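In what follows, a single structure is set out as structure tokens and then discussed.
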Amino acid sequence: MNIKLKPIPNQQKAEELSKLLNINILLSNLLIQREIDNFENAKSFFRPNLNEIHNPFLMKNMDKAVEKIIKAIENKEKILIYGDYDVDGTTAVALVFDFLGKYHTHIDYYVPDRYTEGYGISTLSIDFAKENNFSLVIALDCGIKSNEKINYANTLGIDFIICDHHEPGEEIPKALAVLDAKQNDCNYPYKELSGCGVGFKLMQAYCIKKNIELDKLFPYLDLLCVSIGADIVPIDGENRIFCYHGLKIINENPRFGIKSLIGISGFKKQFKISDVVFKLAPRINAAGRIHHAKAAINLLISNTEEEAEKWATKLNDSNIYRKELDKIITEEAIEMIENQVDFLSLKSTVLFKNDWNKGVIGIVASRCIEKYYKPTIILTESNGIAAGSARSVHGFDLYNAISNCSDYLAQFGGHTHAAGMTLKIENIENFRKAFEKQVSKTIKEDSLTPQMLVDMEVPLSFVSLKTEKIISQMQPFGPKNMTPVFITKGLIDGGNSRVVGEIHLKLDLHCPTSNIKIAGIAFQKGNLINQIQQKHPFTICYTLEENIFNNIKTVQAQVKEIIFE
């Protein structure tokens with residue numbers, strides 16, 4: 001594990017901000033690291049305001065898209081809401097279908113089958129639209145590279161509005177309107193919306209044009225918040241505003257579907273973004289991974305508790321089965337990696353097995369990275385071709401590397417950190433060699449070792465309930481605003497450190513120079529107990545959390561790494 005300390009901000013600025021906000025200078029350092037260096041920025045950061053979200057008409061083609069929707073509704077045309085089968089796609093479909101359905105009765109939704117249709121806009125779905133007289137399709141979280149499919153739809157007289165957030169290709173599809181802030185000539189000020197976020201902006205624009213109060217749209221921010229957390233997009237700017245208010249809805253007045261998922265997860269505390277990622281997202285994702293993503297949408301648009309509980313149970317069962325598949329396939333993948341004669345010298349991992357479940361290969365890629373820390377692509381056979389999911393390591397542009405090997409691919413798309421692709425089975429070996437060559441040529445050596453980014457070194461006296469309370473107000477945490485990580489050196493066991501739950505370490509942290517003690521917990525580090533109890537000095541990397549025991553609140557360190565000095 002590489003420990004990387006963030007640069008210390010300008011101390012004059014930090015002192016000025018410290019006085020302005022009446023906070024510890026170490027806390028003002030944290031804010032400046034997040035580019036919060038004046039009162040107005042701090043106010044927007046700590047009190048995200050829905051009045052500060054951007055005008056949706058700043059997005060290229062938004063006016064054209066909204067005009068078409070209004071015209072279609074006036075003419076009683078049939079509208080089909082189309083979306084990807086992952087969390088971002090299903091929340092986007094649920095949001096747009098449910099909201100627009102309040103103003104138009106001739107509306108339905110369609111999500112492709114992961115196994116028979118694959119990712120993106122499918123020919124089957126266009127044929128379905130034609131056969132069922134849908135003249136307008138709103139595609140969410142996909143479509144930016146579906147040039148051939150859009151050309152086909154155009155020949156059938158079907159209009160498409162594409163709402164996507166993935167990187168565009170060289171040629172933009174000839175749809176009626178393409179909404180994607182990442183288009184080169186799009187002036188929308190925030191570029192990191194989720195797919196559901198683009199759908200939300202389309203509905204915001206519709207509200208503005210039709211003089212509908214935005215208060216009718218804001219209750220859907222819980223769905224948008226779930227999409228942002230699950231898709232691991234930055235939680236800064238507009239996304240921070242959406243997440244902040246979406247989490248409030250999840251915690252105070254969740255829709256029936258989300259309330260049922262929370263109940264079935266057994267989680268009883270206030271939800272944070274990390275809880276959305278680990279408690280809600282896997283269950284929503286499991287629908288499309290194991291059976292069909294329609295179950296997830298049915299859950300999210302449920303109008304009664306009974307209906308929501310039925311779908312939540314179905315999703316939970318799918319998630320249990322998904323975990324079993326995940327475990328089996330990960331074990332097989334690890335065995336394949338370790339049987340490769342050159343696996344130690346390889347800078348990447350590309351594996352193929354024709355009977356692996358397509359729904360979990362992305363998770364398996366992530367598991368392999370946890371163990372070997374190399375850019376990883378897991379492939380399986382689907383409808384006679386190879387379909388793959390790719391995951392990256394820190395500091396490496398996966399999408400760029402894959403695009404440089406596109407001669408061997410039928411289709412690909414994604415982000416810097418995650419991507420998907422299809423290719424002929426006979427091209428796998430050539431693709432594997434090309435990808436390894438590309439990774440070897442471009443990856444930096446430190447990207448091949450896990451990295452822990454530490455905000456700053458602090459004394460143990462910095463740790464207090466007051467400090468933790470201020471830091472907790474910096475939520476929601478996520479990319480571009482990660483939970484602050486601290487490093488403190490020169491600690492020893494205070495005499496009461498012990499193993500709990502067989503594998504975890506309950507720490508009694510003592511700084512001998514200041515004689516300060518605090519409690520800590522280090523998950524899955526129980527094997528270090530002997531070194532700790534022998535009073536060897538050590539350094540810890542940790543985050544702060546509130547701990548409540550017998551109704552008494554204390555602060556404790558959640559220890560991520562222990563380094564013996």
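Chains: A, B, ... in order of the structure tokens. Residues: from 1 per chain. Ligands: from 1, in order shown.
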
Point to revise | Sel. of helix (DSSP H, G or I) residues, segment 154-334 of chain A, as a VMD selection string | key: chain A and resid 154 to 155 195 to 209 214 to 216 218 to 230 237 to 252 256 to 265 273 to 290 294 to 300 305 to 334

Keeping only C-alpha atoms, write the selected residues as a short mmCIF file (atom, residue, chain, number, x, y, z; two decimals), in the first residue's frame.
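Generated file (part_32.cif):
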```cif
data_model
loop_
_atom_site.label_atom_id
_atom_site.label_comp_id
_atom_site.auth_asym_id
_atom_site.auth_seq_id
_atom_site.Cartn_x
_atom_site.Cartn_y
_atom_site.Cartn_z
CA ASN A 154 -34.75 6.91 -38.51
CA THR A 155 -35.63 4.65 -41.45
CA GLY A 195 -27.41 9.21 -16.71
CA CYS A 196 -30.33 9.71 -14.30
CA GLY A 197 -29.06 13.27 -13.81
CA VAL A 198 -29.45 14.03 -17.53
CA GLY A 199 -32.99 12.60 -17.36
CA PHE A 200 -33.70 14.84 -14.37
CA LYS A 201 -32.45 17.91 -16.29
CA LEU A 202 -34.78 17.01 -19.17
CA MET A 203 -37.73 16.87 -16.76
CA GLN A 204 -36.60 20.14 -15.16
CA ALA A 205 -36.63 21.76 -18.59
CA TYR A 206 -40.10 20.31 -19.27
CA CYS A 207 -41.34 21.82 -15.97
CA ILE A 208 -39.94 25.24 -16.88
CA LYS A 209 -41.57 25.21 -20.33
CA LEU A 214 -40.17 22.30 -9.52
CA ASP A 215 -41.40 21.21 -6.09
CA LYS A 216 -43.30 18.50 -8.00
CA PHE A 218 -37.78 17.45 -6.36
CA PRO A 219 -39.31 14.37 -4.61
CA TYR A 220 -37.53 12.31 -7.29
CA LEU A 221 -34.13 13.38 -5.96
CA ASP A 222 -33.97 10.15 -3.94
CA LEU A 223 -33.73 8.22 -7.23
CA LEU A 224 -31.14 10.64 -8.56
CA CYS A 225 -29.10 10.35 -5.34
CA VAL A 226 -29.06 6.54 -5.66
CA SER A 227 -27.86 6.81 -9.27
CA ILE A 228 -25.03 9.19 -8.35
CA GLY A 229 -23.81 6.96 -5.53
CA ALA A 230 -24.05 3.73 -7.53
CA GLY A 237 -20.99 20.87 -7.93
CA GLU A 238 -24.54 20.07 -9.00
CA ASN A 239 -24.24 16.40 -7.99
CA ARG A 240 -23.51 17.47 -4.41
CA ILE A 241 -26.73 19.49 -4.30
CA PHE A 242 -28.70 16.55 -5.70
CA CYS A 243 -27.14 14.06 -3.27
CA TYR A 244 -27.54 16.27 -0.21
CA HIS A 245 -31.27 16.71 -0.77
CA GLY A 246 -31.77 13.18 -2.10
CA LEU A 247 -30.30 11.71 1.07
CA LYS A 248 -32.67 13.84 3.15
CA ILE A 249 -35.60 12.27 1.30
CA ILE A 250 -34.16 8.75 1.72
CA ASN A 251 -33.78 9.32 5.46
CA GLU A 252 -36.98 11.28 6.14
CA PHE A 256 -42.24 2.91 -1.01
CA GLY A 257 -39.64 1.03 -3.06
CA ILE A 258 -36.61 2.50 -1.32
CA LYS A 259 -38.27 2.19 2.09
CA SER A 260 -38.84 -1.54 1.44
CA LEU A 261 -35.23 -2.03 0.31
CA ILE A 262 -33.96 -0.28 3.46
CA GLY A 263 -36.18 -2.52 5.57
CA ILE A 264 -35.05 -5.74 3.90
CA SER A 265 -31.39 -4.71 4.26
CA ILE A 273 -23.83 7.68 0.34
CA SER A 274 -21.68 4.67 1.30
CA ASP A 275 -24.85 2.94 2.55
CA VAL A 276 -26.59 3.71 -0.75
CA VAL A 277 -23.62 2.10 -2.54
CA PHE A 278 -23.44 -1.03 -0.36
CA LYS A 279 -27.03 -1.54 0.84
CA LEU A 280 -29.33 -0.31 -1.93
CA ALA A 281 -27.35 -0.40 -5.20
CA PRO A 282 -26.41 -4.13 -5.17
CA ARG A 283 -30.04 -5.13 -4.64
CA ILE A 284 -31.30 -2.85 -7.43
CA ASN A 285 -28.50 -4.07 -9.72
CA ALA A 286 -29.25 -7.72 -8.95
CA ALA A 287 -32.51 -7.56 -10.92
CA GLY A 288 -30.74 -7.03 -14.25
CA ARG A 289 -27.80 -9.25 -13.34
CA ILE A 290 -29.84 -12.35 -12.56
CA LYS A 294 -37.97 -4.60 -15.00
CA ALA A 295 -38.22 -5.86 -11.41
CA ALA A 296 -36.07 -2.94 -10.24
CA ILE A 297 -38.23 -0.38 -12.04
CA ASN A 298 -41.42 -2.00 -10.74
CA LEU A 299 -39.98 -1.62 -7.24
CA LEU A 300 -38.99 2.03 -7.71
CA GLU A 305 -46.19 -0.75 0.55
CA GLU A 306 -47.47 -4.24 -0.33
CA GLU A 307 -46.38 -3.95 -3.95
CA ALA A 308 -42.98 -2.52 -2.96
CA GLU A 309 -42.35 -5.30 -0.41
CA LYS A 310 -43.13 -7.96 -3.04
CA TRP A 311 -40.54 -6.51 -5.46
CA ALA A 312 -37.99 -5.82 -2.69
CA THR A 313 -38.14 -9.49 -1.67
CA LYS A 314 -37.61 -10.54 -5.29
CA LEU A 315 -34.58 -8.24 -5.63
CA ASN A 316 -33.14 -9.39 -2.32
CA ASP A 317 -33.41 -13.05 -3.39
CA SER A 318 -31.69 -12.20 -6.68
CA ASN A 319 -28.92 -10.46 -4.74
CA ILE A 320 -28.33 -13.52 -2.55
CA TYR A 321 -28.01 -15.67 -5.68
CA ARG A 322 -25.73 -13.03 -7.27
CA LYS A 323 -23.39 -13.26 -4.27
CA GLU A 324 -23.10 -17.04 -4.71
CA LEU A 325 -22.25 -16.67 -8.42
CA ASP A 326 -19.82 -13.87 -7.65
CA LYS A 327 -17.93 -16.06 -5.14
CA ILE A 328 -17.71 -19.09 -7.47
CA ILE A 329 -16.59 -17.13 -10.55
CA THR A 330 -14.08 -15.04 -8.57
CA GLU A 331 -12.45 -18.22 -7.27
CA GLU A 332 -12.24 -19.59 -10.83
CA ALA A 333 -10.77 -16.31 -12.12
CA ILE A 334 -8.12 -16.21 -9.38
#
```

**Study point:** segment 13-105 of chain A: residues DSSP assigns to strand (DSSP E), reported as a list in words
**Key:** Lys78, Ile79, Leu80, Ile81, Tyr82 and Gly83 of chain A

**Study point:** Selection: 7 Å around segment 385-401 of chain A, only C-alpha atoms, excl. self and same-chain fewer than 2 positions, as a ChimeraX atom specification
**Key:** /A:361-362,365-366,373-383,403-405,414-425,435,438-439,443,447

Exercise for review: Might you pull out every residue within 9 Å of Phe46 of chain A, with only C-alpha atoms counted and same-chain residues fewer than 5 positions away left off, and present them as number ranges by chain?
Suggested key: A: 41, 473-475

Practice item. Would you please work out which residue, of A:Trp356, A:Tyr115, A:Phe134, A:Tyr190, is nearest to Glu77 of chain A when using only C-alpha atoms? Key: A:Phe134

Exercise for review: Skip Ser146 of chain A itself and residues of its chain fewer than 4 positions away, then list as JSON, numbers by chain all residues within 12 Å of it, counting only C-alpha atoms.
Suggested key: {"A": [119, 120, 121, 122, 123, 126, 139, 141, 142, 150, 151, 152, 153, 160, 162, 164, 166, 168, 169, 170, 171, 172, 173, 174, 175, 178, 411, 412, 413]}

Exercise for review: Identify, on the basis of only C-alpha atoms, every residue whose closest approach to Ala92 of chain A does not exceed 7 Å; exclude the query and any residue fewer than 2 positions from it along the same chain; express the result as a PyMOL selection string.
Suggested key: chain A and resi 88-90+94-96+140+195-196+199
